[in-house]
file final_29.txt (compact mmCIF, C-alpha atoms and all ligand atoms)
# COMPACT_ATOMS: atom_id res chain seq x y z
CA MET A 1490 14.36 70.35 19.15
CA ASN A 1491 13.34 68.16 22.06
CA SER A 1492 9.57 68.07 21.84
CA GLY A 1493 9.05 65.81 24.84
CA ASP A 1494 7.10 63.17 22.89
CA GLY A 1495 9.02 60.07 23.75
CA VAL A 1496 12.38 61.45 22.75
CA ASP A 1497 15.20 59.27 23.93
CA PRO A 1498 18.38 61.24 23.58
CA ALA A 1499 21.55 59.26 23.39
CA PRO A 1500 23.82 59.89 26.39
CA ARG A 1501 25.97 62.39 24.54
CA VAL A 1502 23.19 64.81 23.64
CA HIS A 1503 24.43 68.33 23.27
CA ALA A 1504 21.83 70.86 24.24
CA SER A 1505 22.23 74.15 22.39
CA ALA A 1506 25.25 75.29 24.29
CA ALA A 1507 26.32 78.81 25.07
CA PRO A 1508 29.45 80.00 23.27
CA ALA A 1509 32.78 79.02 24.80
CA SER A 1510 31.22 76.27 26.93
CA PRO A 1511 33.04 72.93 27.12
CA GLU A 1512 30.31 71.58 24.78
CA THR A 1513 31.26 74.07 22.10
CA ALA A 1514 34.91 73.26 22.56
CA ALA A 1515 34.13 69.55 22.14
CA ARG A 1516 32.27 70.28 18.92
CA SER A 1517 35.28 71.88 17.33
CA LYS A 1518 37.46 68.84 18.03
CA PRO A 1519 37.71 66.06 15.45
CA ASN A 1520 35.15 63.33 16.01
CA LEU A 1521 36.82 59.96 16.71
CA LEU A 1522 33.89 58.28 14.92
CA ASP A 1523 35.09 59.82 11.68
CA LEU A 1524 38.33 57.82 11.68
CA SER A 1525 38.75 54.56 9.84
CA PHE A 1526 40.56 51.83 11.74
CA HIS A 1527 43.83 52.66 9.95
CA GLN A 1528 43.43 56.36 10.72
CA LEU A 1529 42.91 55.48 14.37
CA GLU A 1530 46.12 53.41 14.26
CA ASP A 1531 47.95 56.40 12.74
CA LEU A 1532 46.62 58.63 15.50
CA MET A 1533 47.92 56.24 18.17
CA VAL A 1534 51.35 56.21 16.55
CA LYS A 1535 51.31 60.02 16.38
CA LEU A 1536 50.57 60.07 20.09
CA GLY A 1537 53.61 57.86 20.68
CA GLU A 1538 51.63 54.68 21.32
CA PRO A 1539 51.83 51.27 19.66
CA ALA A 1540 49.34 50.87 16.79
CA PHE A 1541 47.56 48.02 18.55
CA ARG A 1542 46.01 50.50 21.02
CA ALA A 1543 43.66 51.34 18.15
CA ARG A 1544 42.00 47.97 18.60
CA GLN A 1545 41.03 48.80 22.17
CA ALA A 1546 39.82 52.30 21.32
CA TRP A 1547 37.88 50.95 18.32
CA GLN A 1548 36.05 48.55 20.57
CA TRP A 1549 35.10 51.37 22.92
CA LEU A 1550 33.79 53.42 20.03
CA TRP A 1551 31.75 50.82 18.19
CA GLN A 1552 30.95 48.05 20.68
CA LYS A 1553 30.98 49.68 24.09
CA ALA A 1554 29.31 52.93 23.04
CA ALA A 1555 31.82 55.19 24.82
CA ALA A 1556 30.66 58.79 25.02
CA SER A 1557 34.14 60.15 25.75
CA PRO A 1558 37.76 58.94 25.43
CA LEU A 1559 37.90 59.22 29.24
CA GLU A 1560 35.67 56.13 29.47
CA MET A 1561 38.27 53.90 27.79
CA THR A 1562 39.38 52.32 31.04
CA ASN A 1563 41.68 49.63 29.65
CA ILE A 1564 44.03 52.22 28.19
CA SER A 1565 46.33 54.34 30.32
CA LYS A 1566 44.97 57.39 32.09
CA GLU A 1567 47.55 59.54 30.42
CA LEU A 1568 46.59 58.44 26.90
CA ARG A 1569 42.90 58.84 27.71
CA ALA A 1570 43.57 62.43 28.79
CA ARG A 1571 45.56 63.16 25.64
CA LEU A 1572 42.86 61.66 23.43
CA ASP A 1573 40.26 63.69 25.25
CA GLN A 1574 42.25 66.86 24.76
CA ALA A 1575 42.62 66.33 21.03
CA THR A 1576 39.39 64.59 20.06
CA ALA A 1577 35.77 64.02 21.02
CA ILE A 1578 33.11 61.37 20.43
CA ARG A 1579 29.92 62.82 18.98
CA TRP A 1580 26.90 60.74 18.06
CA PRO A 1581 24.10 62.13 15.92
CA VAL A 1582 21.63 63.75 18.33
CA VAL A 1583 18.12 62.31 18.47
CA SER A 1584 15.80 65.27 18.07
CA ARG A 1585 12.63 63.22 17.61
CA ARG A 1586 11.69 59.60 17.84
CA LEU A 1587 8.42 58.26 16.51
CA GLU A 1588 7.11 54.77 17.13
CA SER A 1589 4.57 53.27 14.76
CA SER A 1590 1.82 50.95 15.94
CA ASP A 1591 3.47 48.25 13.77
CA GLY A 1592 6.76 48.52 15.68
CA THR A 1593 8.63 50.64 13.12
CA VAL A 1594 10.69 53.35 14.81
CA LYS A 1595 11.81 56.48 13.09
CA PHE A 1596 14.52 58.79 14.37
CA LEU A 1597 15.08 62.32 13.28
CA LEU A 1598 18.73 63.08 13.93
CA GLU A 1599 20.60 66.33 14.11
CA LEU A 1600 24.20 66.43 12.92
CA ASP A 1601 27.05 68.86 13.54
CA GLY A 1602 26.15 72.19 11.99
CA GLY A 1603 22.41 71.53 12.31
CA ALA A 1604 21.76 69.33 9.24
CA GLU A 1605 18.98 66.83 9.82
CA ILE A 1606 18.57 63.27 8.63
CA GLU A 1607 16.31 60.33 9.24
CA THR A 1608 16.88 56.69 9.99
CA VAL A 1609 14.24 53.99 10.41
CA LEU A 1610 14.29 50.72 12.37
CA ILE A 1611 11.99 48.09 10.91
CA PRO A 1612 11.09 44.98 12.94
CA GLU A 1613 10.90 41.74 10.99
CA LYS A 1614 10.20 38.17 12.02
CA ASP A 1615 13.61 37.41 13.43
CA ARG A 1616 15.56 40.67 13.32
CA TYR A 1617 15.53 44.41 12.85
CA THR A 1618 16.50 46.04 9.59
CA GLN A 1619 17.77 49.60 9.68
CA CYS A 1620 17.31 52.02 6.84
CA LEU A 1621 20.29 54.39 6.76
CA SER A 1622 20.83 57.82 5.24
CA SER A 1623 23.98 58.62 3.32
CA GLN A 1624 23.40 62.33 2.70
CA ALA A 1625 21.39 65.12 4.31
CA GLY A 1626 18.86 65.79 1.54
CA CYS A 1627 19.51 64.59 -1.99
CA ALA A 1628 20.52 66.16 -5.29
CA MET A 1629 18.70 63.64 -7.49
CA ALA A 1630 15.27 65.32 -7.32
CA CYS A 1631 13.29 62.16 -8.12
CA THR A 1632 9.74 63.38 -8.54
CA PHE A 1633 8.04 60.83 -6.24
CA CYS A 1634 10.45 61.22 -3.32
CA ARG A 1635 10.14 63.72 -0.48
CA THR A 1636 13.90 63.80 0.08
CA GLY A 1637 14.32 64.58 -3.61
CA GLN A 1638 12.22 67.71 -3.17
CA MET A 1639 14.54 69.06 -0.49
CA GLY A 1640 17.74 69.31 -2.48
CA LEU A 1641 21.12 68.35 -1.11
CA THR A 1642 22.42 69.85 2.13
CA ARG A 1643 25.63 67.85 2.44
CA ASN A 1644 27.32 64.47 2.47
CA LEU A 1645 27.39 62.47 5.68
CA THR A 1646 30.78 61.66 7.17
CA HIS A 1647 32.00 58.16 8.08
CA GLY A 1648 30.97 58.77 11.70
CA GLU A 1649 27.57 60.16 10.77
CA ILE A 1650 26.74 57.20 8.54
CA LEU A 1651 27.74 54.68 11.21
CA GLY A 1652 26.55 56.84 14.11
CA GLN A 1653 22.98 56.07 12.99
CA ILE A 1654 23.64 52.44 13.94
CA LEU A 1655 25.01 53.42 17.35
CA VAL A 1656 21.83 55.40 18.01
CA ALA A 1657 19.63 52.47 16.93
CA ARG A 1658 21.55 49.94 19.02
CA HIS A 1659 21.44 52.20 22.05
CA TYR A 1660 17.67 52.49 21.64
CA LEU A 1661 17.18 48.73 21.20
CA ALA A 1662 19.24 48.07 24.34
CA SER A 1663 17.24 50.68 26.27
CA ILE A 1664 13.93 48.93 25.48
CA GLY A 1665 15.42 45.45 26.06
CA ALA A 1666 14.51 44.44 22.50
CA ALA A 1667 14.43 40.70 21.91
CA LEU A 1668 15.38 40.99 18.24
CA LYS A 1669 18.85 42.00 17.05
CA LEU A 1670 19.71 44.59 14.45
CA ARG A 1671 21.07 42.40 11.66
CA ASN A 1672 20.33 43.99 8.29
CA LEU A 1673 21.23 47.38 6.93
CA VAL A 1674 19.84 49.05 3.83
CA PHE A 1675 21.04 52.35 2.43
CA MET A 1676 17.55 53.43 1.44
CA GLY A 1677 17.16 56.48 3.62
CA MET A 1678 17.99 60.00 2.57
CA GLY A 1679 20.51 60.63 -0.17
CA GLU A 1680 22.23 58.91 -3.05
CA PRO A 1681 24.93 56.71 -1.47
CA LEU A 1682 27.11 56.47 -4.58
CA LEU A 1683 27.36 60.26 -4.73
CA ASN A 1684 29.03 60.12 -1.32
CA TYR A 1685 31.26 57.32 -2.50
CA ASP A 1686 34.43 57.71 -0.41
CA ASN A 1687 32.63 58.05 2.91
CA LEU A 1688 30.24 55.25 1.99
CA LEU A 1689 33.13 52.92 1.18
CA SER A 1690 35.08 53.66 4.33
CA ALA A 1691 31.87 53.25 6.36
CA LEU A 1692 31.20 49.88 4.69
CA GLU A 1693 34.75 48.75 5.44
CA SER A 1694 34.37 49.77 9.07
CA LEU A 1695 31.00 48.01 9.34
CA HIS A 1696 32.63 44.65 8.84
CA HIS A 1697 35.40 45.09 11.41
CA PRO A 1698 35.11 42.19 13.89
CA GLN A 1699 36.10 44.39 16.85
CA GLY A 1700 33.56 46.96 15.76
CA LEU A 1701 30.01 46.81 14.46
CA ASP A 1702 30.73 43.44 12.87
CA PHE A 1703 28.08 43.22 10.13
CA SER A 1704 28.31 40.59 7.42
CA SER A 1705 28.47 42.03 3.89
CA ARG A 1706 25.59 39.71 2.96
CA ARG A 1707 23.39 41.72 5.28
CA VAL A 1708 24.19 45.12 3.85
CA THR A 1709 22.40 46.53 0.79
CA VAL A 1710 23.20 49.77 -0.98
CA SER A 1711 20.40 51.26 -3.06
CA THR A 1712 21.24 53.58 -5.93
CA VAL A 1713 19.64 55.32 -8.89
CA GLY A 1714 22.66 54.08 -10.89
CA ILE A 1715 25.84 56.15 -10.83
CA VAL A 1716 28.98 55.51 -12.88
CA PRO A 1717 31.69 54.69 -12.15
CA GLY A 1718 30.63 54.20 -8.51
CA ILE A 1719 28.34 51.26 -9.19
CA LEU A 1720 31.07 49.00 -10.57
CA GLU A 1721 33.63 50.17 -8.03
CA PHE A 1722 31.16 49.28 -5.29
CA GLY A 1723 30.66 45.87 -6.91
CA ARG A 1724 34.39 45.20 -7.05
CA ALA A 1725 34.81 46.16 -3.40
CA GLY A 1726 32.43 43.30 -2.46
CA LEU A 1727 31.21 45.02 0.68
CA GLY A 1728 27.46 44.68 0.17
CA SER A 1729 24.62 43.83 -2.19
CA LEU A 1730 23.26 46.14 -4.82
CA ALA A 1731 19.73 47.47 -5.23
CA VAL A 1732 18.89 49.67 -8.20
CA SER A 1733 15.97 52.09 -8.22
CA LEU A 1734 14.48 51.46 -11.65
CA HIS A 1735 10.85 52.66 -11.44
CA ALA A 1736 10.25 52.55 -15.21
CA PRO A 1737 10.77 50.00 -17.99
CA ASP A 1738 11.85 52.56 -20.60
CA GLN A 1739 14.06 55.63 -20.83
CA GLU A 1740 11.29 58.10 -21.68
CA LEU A 1741 9.19 57.33 -18.63
CA ARG A 1742 12.24 56.99 -16.38
CA GLU A 1743 13.28 60.50 -17.40
CA LYS A 1744 9.90 61.79 -16.26
CA ILE A 1745 9.99 60.00 -12.91
CA MET A 1746 13.66 60.51 -12.08
CA PRO A 1747 14.94 63.10 -14.57
CA LYS A 1748 18.44 63.77 -13.28
CA ALA A 1749 19.43 60.16 -12.76
CA ALA A 1750 17.91 58.95 -16.03
CA LYS A 1751 19.56 61.66 -18.11
CA ALA A 1752 22.94 61.16 -16.47
CA LEU A 1753 22.92 57.41 -17.14
CA PRO A 1754 20.35 56.40 -19.78
CA LEU A 1755 18.58 53.10 -19.21
CA PRO A 1756 20.27 51.08 -22.01
CA ARG A 1757 23.68 52.12 -20.68
CA LEU A 1758 22.63 51.36 -17.08
CA MET A 1759 21.62 47.84 -18.13
CA GLU A 1760 24.98 47.37 -19.90
CA VAL A 1761 26.82 48.45 -16.77
CA LEU A 1762 24.73 46.09 -14.63
CA LYS A 1763 25.62 43.16 -16.87
CA GLN A 1764 29.23 43.75 -15.83
CA PHE A 1765 28.38 43.97 -12.13
CA PRO A 1766 30.34 41.28 -10.27
CA LEU A 1767 27.90 38.97 -8.49
CA LYS A 1768 28.69 36.22 -6.02
CA VAL A 1769 27.12 32.78 -6.33
CA ARG A 1770 23.39 32.95 -5.56
CA GLU A 1771 23.60 36.76 -5.47
CA ASN A 1772 21.13 38.91 -7.39
CA ILE A 1773 20.72 42.56 -8.17
CA THR A 1774 17.51 43.86 -6.60
CA PHE A 1775 15.48 46.16 -8.83
CA GLU A 1776 13.24 48.51 -6.89
CA TYR A 1777 10.13 49.62 -8.70
CA VAL A 1778 7.81 52.10 -7.01
CA LEU A 1779 4.35 51.58 -8.48
CA LEU A 1780 2.80 54.96 -9.22
CA GLY A 1781 -0.94 54.68 -9.91
CA GLY A 1782 -1.72 55.15 -13.62
CA VAL A 1783 1.90 56.07 -14.44
CA ASN A 1784 4.05 52.91 -14.48
CA ASP A 1785 1.71 50.17 -13.24
CA SER A 1786 0.03 48.84 -16.42
CA PRO A 1787 0.20 45.20 -17.58
CA GLU A 1788 2.04 46.35 -20.69
CA GLN A 1789 4.68 48.08 -18.60
CA ALA A 1790 5.03 44.89 -16.54
CA ARG A 1791 5.74 42.95 -19.74
CA ASP A 1792 8.26 45.61 -20.83
CA LEU A 1793 9.94 45.24 -17.46
CA VAL A 1794 10.24 41.48 -17.93
CA ARG A 1795 11.92 42.06 -21.29
CA LEU A 1796 14.28 44.68 -19.88
CA LEU A 1797 15.42 42.34 -17.11
CA SER A 1798 15.73 39.22 -19.24
CA HIS A 1799 19.53 39.48 -19.48
CA VAL A 1800 20.44 40.32 -15.90
CA LYS A 1801 20.48 38.23 -12.74
CA GLY A 1802 17.92 40.25 -10.91
CA LYS A 1803 14.89 40.13 -8.67
CA VAL A 1804 12.22 42.76 -8.40
CA ASN A 1805 11.07 44.58 -5.30
CA LEU A 1806 7.73 46.25 -5.98
CA ILE A 1807 6.81 49.12 -3.70
CA ALA A 1808 3.39 50.75 -3.69
CA PHE A 1809 3.84 54.51 -3.79
CA ASN A 1810 3.47 56.02 -0.36
CA GLU A 1811 1.31 59.07 -0.86
CA SER A 1812 2.50 62.27 0.68
CA PRO A 1813 1.20 65.84 0.40
CA GLY A 1814 2.81 67.77 -2.42
CA LEU A 1815 3.89 64.73 -4.44
CA PRO A 1816 2.20 64.55 -7.85
CA TYR A 1817 1.29 60.83 -7.80
CA GLN A 1818 -1.27 58.44 -6.42
CA ALA A 1819 -0.89 54.99 -4.91
CA PRO A 1820 -1.70 52.17 -7.34
CA SER A 1821 -4.91 50.21 -6.82
CA PRO A 1822 -4.42 46.82 -5.12
CA GLU A 1823 -5.79 45.11 -8.25
CA ARG A 1824 -3.17 46.75 -10.49
CA VAL A 1825 -0.43 45.77 -8.06
CA GLU A 1826 -1.62 42.18 -8.08
CA ILE A 1827 -1.82 41.98 -11.88
CA PHE A 1828 1.60 43.62 -12.27
CA GLN A 1829 3.15 41.22 -9.79
CA LYS A 1830 1.52 38.17 -11.42
CA ILE A 1831 2.87 39.05 -14.87
CA LEU A 1832 6.42 39.14 -13.49
CA TRP A 1833 5.87 35.92 -11.57
CA ASP A 1834 4.43 34.08 -14.54
CA LYS A 1835 7.56 34.96 -16.52
CA GLY A 1836 9.71 33.39 -13.82
CA LEU A 1837 11.01 36.53 -12.12
CA THR A 1838 11.48 36.57 -8.36
CA VAL A 1839 9.22 39.33 -7.07
CA THR A 1840 8.64 40.68 -3.60
CA LEU A 1841 6.10 43.29 -2.63
CA ARG A 1842 7.48 45.65 -0.01
CA LYS A 1843 4.97 46.03 2.78
CA SER A 1844 4.38 49.61 3.66
CA LYS A 1845 5.42 49.98 7.27
CA GLY A 1846 5.15 52.86 9.66
CA ARG A 1847 2.57 54.77 7.62
CA ASP A 1848 1.32 56.51 10.76
CA ILE A 1849 4.77 57.97 11.39
CA PHE A 1850 5.57 59.00 7.80
CA ALA A 1851 8.19 56.29 7.53
CA ALA A 1852 8.82 56.49 3.78
CA CYS A 1853 12.03 58.09 2.68
CA GLY A 1854 12.20 61.76 3.60
CA GLN A 1855 8.66 61.96 4.83
CA LEU A 1856 9.15 62.59 8.52
CA LEU A 1857 11.50 65.46 7.91
CA ALA A 1858 9.23 66.95 5.27
CA ALA A 1859 6.19 66.59 7.52
CA HIS A 1860 8.14 68.06 10.41
CA GLU A 1861 9.13 71.07 8.33
CA CYS A 1862 5.59 71.56 7.03
CA GLY A 1863 4.08 71.19 10.51
CA GLU A 1864 1.93 68.25 9.37
CA GLU A 1865 3.06 65.82 11.96
CA GLN A 1866 0.70 64.74 14.76
N1 LIG A 1901 19.13 57.32 -3.83
C1 LIG A 1901 18.99 55.90 -3.56
C2 LIG A 1901 18.69 55.64 -2.12
C3 LIG A 1901 17.39 56.28 -1.63
S1 LIG A 1901 16.24 55.04 -1.38
C4 LIG A 1901 17.94 55.30 -4.48
O1 LIG A 1901 17.20 56.05 -5.10
O2 LIG A 1901 17.91 54.09 -4.59
C5 LIG A 1901 15.08 55.40 -2.54
C6 LIG A 1901 13.96 54.41 -2.37
O3 LIG A 1901 13.00 54.99 -1.47
C7 LIG A 1901 13.21 54.18 -3.66
O4 LIG A 1901 13.69 53.13 -4.41
C8 LIG A 1901 11.87 53.83 -3.10
O5 LIG A 1901 11.89 52.48 -2.79
C9 LIG A 1901 11.73 54.56 -1.79
N2 LIG A 1901 10.81 55.70 -1.84
C10 LIG A 1901 11.10 57.03 -1.85
N3 LIG A 1901 9.98 57.75 -1.85
C11 LIG A 1901 8.95 56.89 -1.83
C12 LIG A 1901 7.54 57.03 -1.81
N4 LIG A 1901 6.96 58.22 -1.79
N5 LIG A 1901 6.79 55.90 -1.80
C13 LIG A 1901 7.39 54.68 -1.80
N6 LIG A 1901 8.70 54.49 -1.81
C14 LIG A 1901 9.49 55.57 -1.83
call {"tool": "encode", "arguments": {"input": "final_29.txt", "output": "structure tokens"}}
result
Amino acid sequence: MNSGDGVDPAPRVHASAAPASPETAARSKPNLLDLSFHQLEDLMVKLGEPAFRARQAWQWLWQKAAASPLEMTNISKELRARLDQATAIRWPVVSRRLESSDGTVKFLLELDGGAEIETVLIPEKDRYTQCLSSQAGCAMACTFCRTGQMGLTRNLTHGEILGQILVARHYLASIGAALKLRNLVFMGMGEPLLNYDNLLSALESLHHPQGLDFSSRRVTVSTVGIVPGILEFGRAGLGSLAVSLHAPDQELREKIMPKAAKALPLPRLMEVLKQFPLKVRENITFEYVLLGGVNDSPEQARDLVRLLSHVKGKVNLIAFNESPGLPYQAPSPERVEIFQKILWDKGLTVTLRKSKGRDIFAACGQLLAAHECGEEQ
């Protein structure tokens, strides 16, 4: 997979190993990154150690980027050896890295078993935001989304979800980046609420002060709207909610995102969202991809205002990112402006998501699709 075009493999890259090599043996061992903090405590106890050893190991995994248990120098040599015998530390392997002229960086990552995912680092004024994948592929088949066209390969594990952050941090350290990675959005491949258990344990781990230590205010989970996951996620209070709406009525939503819209019809979705527990000053973000001539008319903007009149929400408009094989066109800048103004004039908070990393196919699923189709430069 290494194409030699600026690939920066993390230190634990596994080249395709011959059978029975130590690499292969390591691959069959459980990955320490897949354990929650409590599971790591249980493992320590099972190994005859006090539970508090987990704190030290956790720090090595998530803050000190250890590539092997043998690197955990503040725990005894004997325990290190036993951990190494029973477990391994495997990061997702960077198979390609693409850097956009606007600073956006996209990683194509290979997971155990060969599944591939993407993650994108987006520079902003005072920080980086990382767009994370929750599944390899996606079962939702939304008609405007490249990932949707691929179908679902599998759910990501706890370690694979969070491993994307380790890869990004390693890269940022390697280039001496001045900005920190502060914000996380689950807007990469997959439907996070259809990988609910792993998502939740990953979110819990994210906030661990001895680990990655992200504030829940800086984590956003984007969903097409899945019950009961959406309310369970709200009650857990581990991040903000973004809902991919894309249409102001059920009929059109069914055309744009058939599976999701049929599974949870729009009126019911809005009812569920009214029950979503929000903190003070917190909003639900509604994502709306503007598809030229499909959902971008002034009338549809007014319908959207009506639909959102009873929820505490803000709108994130996104101009459709054109991609070969997708049956839509980008909206004209004039239509975008008019659409946005109608929402504004009715008092809604609206942001227009800037399209970043166009030259590296940074929209959801696009790098992988381009890679598979041989379109990439
Ligand atoms: N399944 C979740 C998470 C995936 S993120 C969800 O649907 O919310 C999905 C987001 O990716 C969409 O809301 C949209 O903002 C973006 N997206 C996907 N394909 C796109 C495209 N071709 N152009 C612009 N945005 C796209």
call {"tool": "closest_residue", "arguments": {"input": "final_29.txt", "among": "A:Arg1824, A:Lys1748, A:Arg1616, A:Lys1518", "to": "ligand LIG 1901 (chain A)", "atoms": "all atoms listed in the file"}}
result
A:Lys1748
call {"tool": "atom_distance", "arguments": {"input": "final_29.txt", "atom1": "atom CA of Lys1669 of chain A", "atom2": "atom CA of Pro1558 of chain A"}}
result
26.7 Å
call {"tool": "closest_residue", "arguments": {"input": "final_29.txt", "among": "A:Ser1584, A:Ser1733, A:Gln1574, A:Ser1821", "to": "ligand LIG 1901 (chain A)", "atoms": "only C-alpha atoms and all ligand atoms"}}
result
A:Ser1733
call {"tool": "atom_distance", "arguments": {"input": "final_29.txt", "atom1": "atom CA of Pro1519 of chain A", "atom2": "atom CA of Ala1691 of chain A"}}
result
16.8 Å
call {"tool": "closest_residue", "arguments": {"input": "final_29.txt", "among": "A:Leu1692, A:Val1804, A:Leu1720, A:Leu1529", "to": "Val1708 of chain A", "atoms": "only C-alpha atoms"}}
result
A:Leu1692
call {"tool": "residues_near_ligand", "arguments": {"input": "final_29.txt", "ligand": "ligand LIG 1901 (chain A)", "cutoff": "7 Å", "atoms": "only C-alpha atoms and all ligand atoms", "output": "list in words"}}
result
Phe1633, Cys1634, Arg1635, Phe1675, Met1676, Gly1677, Met1678, Gly1679, Glu1680, Pro1681, Ser1711, Thr1712, Val1713, Ala1731, Val1732, Ser1733, Glu1776, Tyr1777, Val1778, Ile1807, Ala1808, Phe1809, Asn1810, Glu1811, Ser1812, Ala1852 and Cys1853 of chain A
call {"tool": "atom_distance", "arguments": {"input": "final_29.txt", "atom1": "atom CA of Leu1597 of chain A", "atom2": "atom CA of Leu1841 of chain A"}}
result
26.4 Å
call {"tool": "residues_around", "arguments": {"input": "final_29.txt", "residues": "Gly1537 of chain A", "least_positions_apart": "3", "cutoff": "12 Å", "atoms": "only C-alpha atoms", "output": "NGL selection string"}}
result
:A and (1530-1534 or 1540-1542 or 1567-1568 or 1571-1572)
call {"tool": "write_last_selection", "arguments": {"input": "final_29.txt", "atoms": "C-alpha atoms", "output": "mmCIF file, in the frame of the given file"}}
result
data_model
loop_
_atom_site.group_PDB
_atom_site.id
_atom_site.type_symbol
_atom_site.label_atom_id
_atom_site.label_comp_id
_atom_site.auth_asym_id
_atom_site.auth_seq_id
_atom_site.Cartn_x
_atom_site.Cartn_y
_atom_site.Cartn_z
ATOM 1 C CA GLU A 1530 46.120 53.410 14.260
ATOM 2 C CA ASP A 1531 47.950 56.400 12.740
ATOM 3 C CA LEU A 1532 46.620 58.630 15.500
ATOM 4 C CA MET A 1533 47.920 56.240 18.170
ATOM 5 C CA VAL A 1534 51.350 56.210 16.550
ATOM 6 C CA ALA A 1540 49.340 50.870 16.790
ATOM 7 C CA PHE A 1541 47.560 48.020 18.550
ATOM 8 C CA ARG A 1542 46.010 50.500 21.020
ATOM 9 C CA GLU A 1567 47.550 59.540 30.420
ATOM 10 C CA LEU A 1568 46.590 58.440 26.900
ATOM 11 C CA ARG A 1571 45.560 63.160 25.640
ATOM 12 C CA LEU A 1572 42.860 61.660 23.430
#
call {"tool": "closest_residue", "arguments": {"input": "final_29.txt", "among": "A:Ala1570, A:Val1656, A:Leu1797, A:Leu1550", "to": "Leu1837 of chain A", "atoms": "only C-alpha atoms"}}
result
A:Leu1797
call {"tool": "closest_residue", "arguments": {"input": "final_29.txt", "among": "A:Thr1642, A:Cys1631, A:Ala1657, A:Leu1668", "to": "Lys1614 of chain A", "atoms": "only C-alpha atoms"}}
result
A:Leu1668
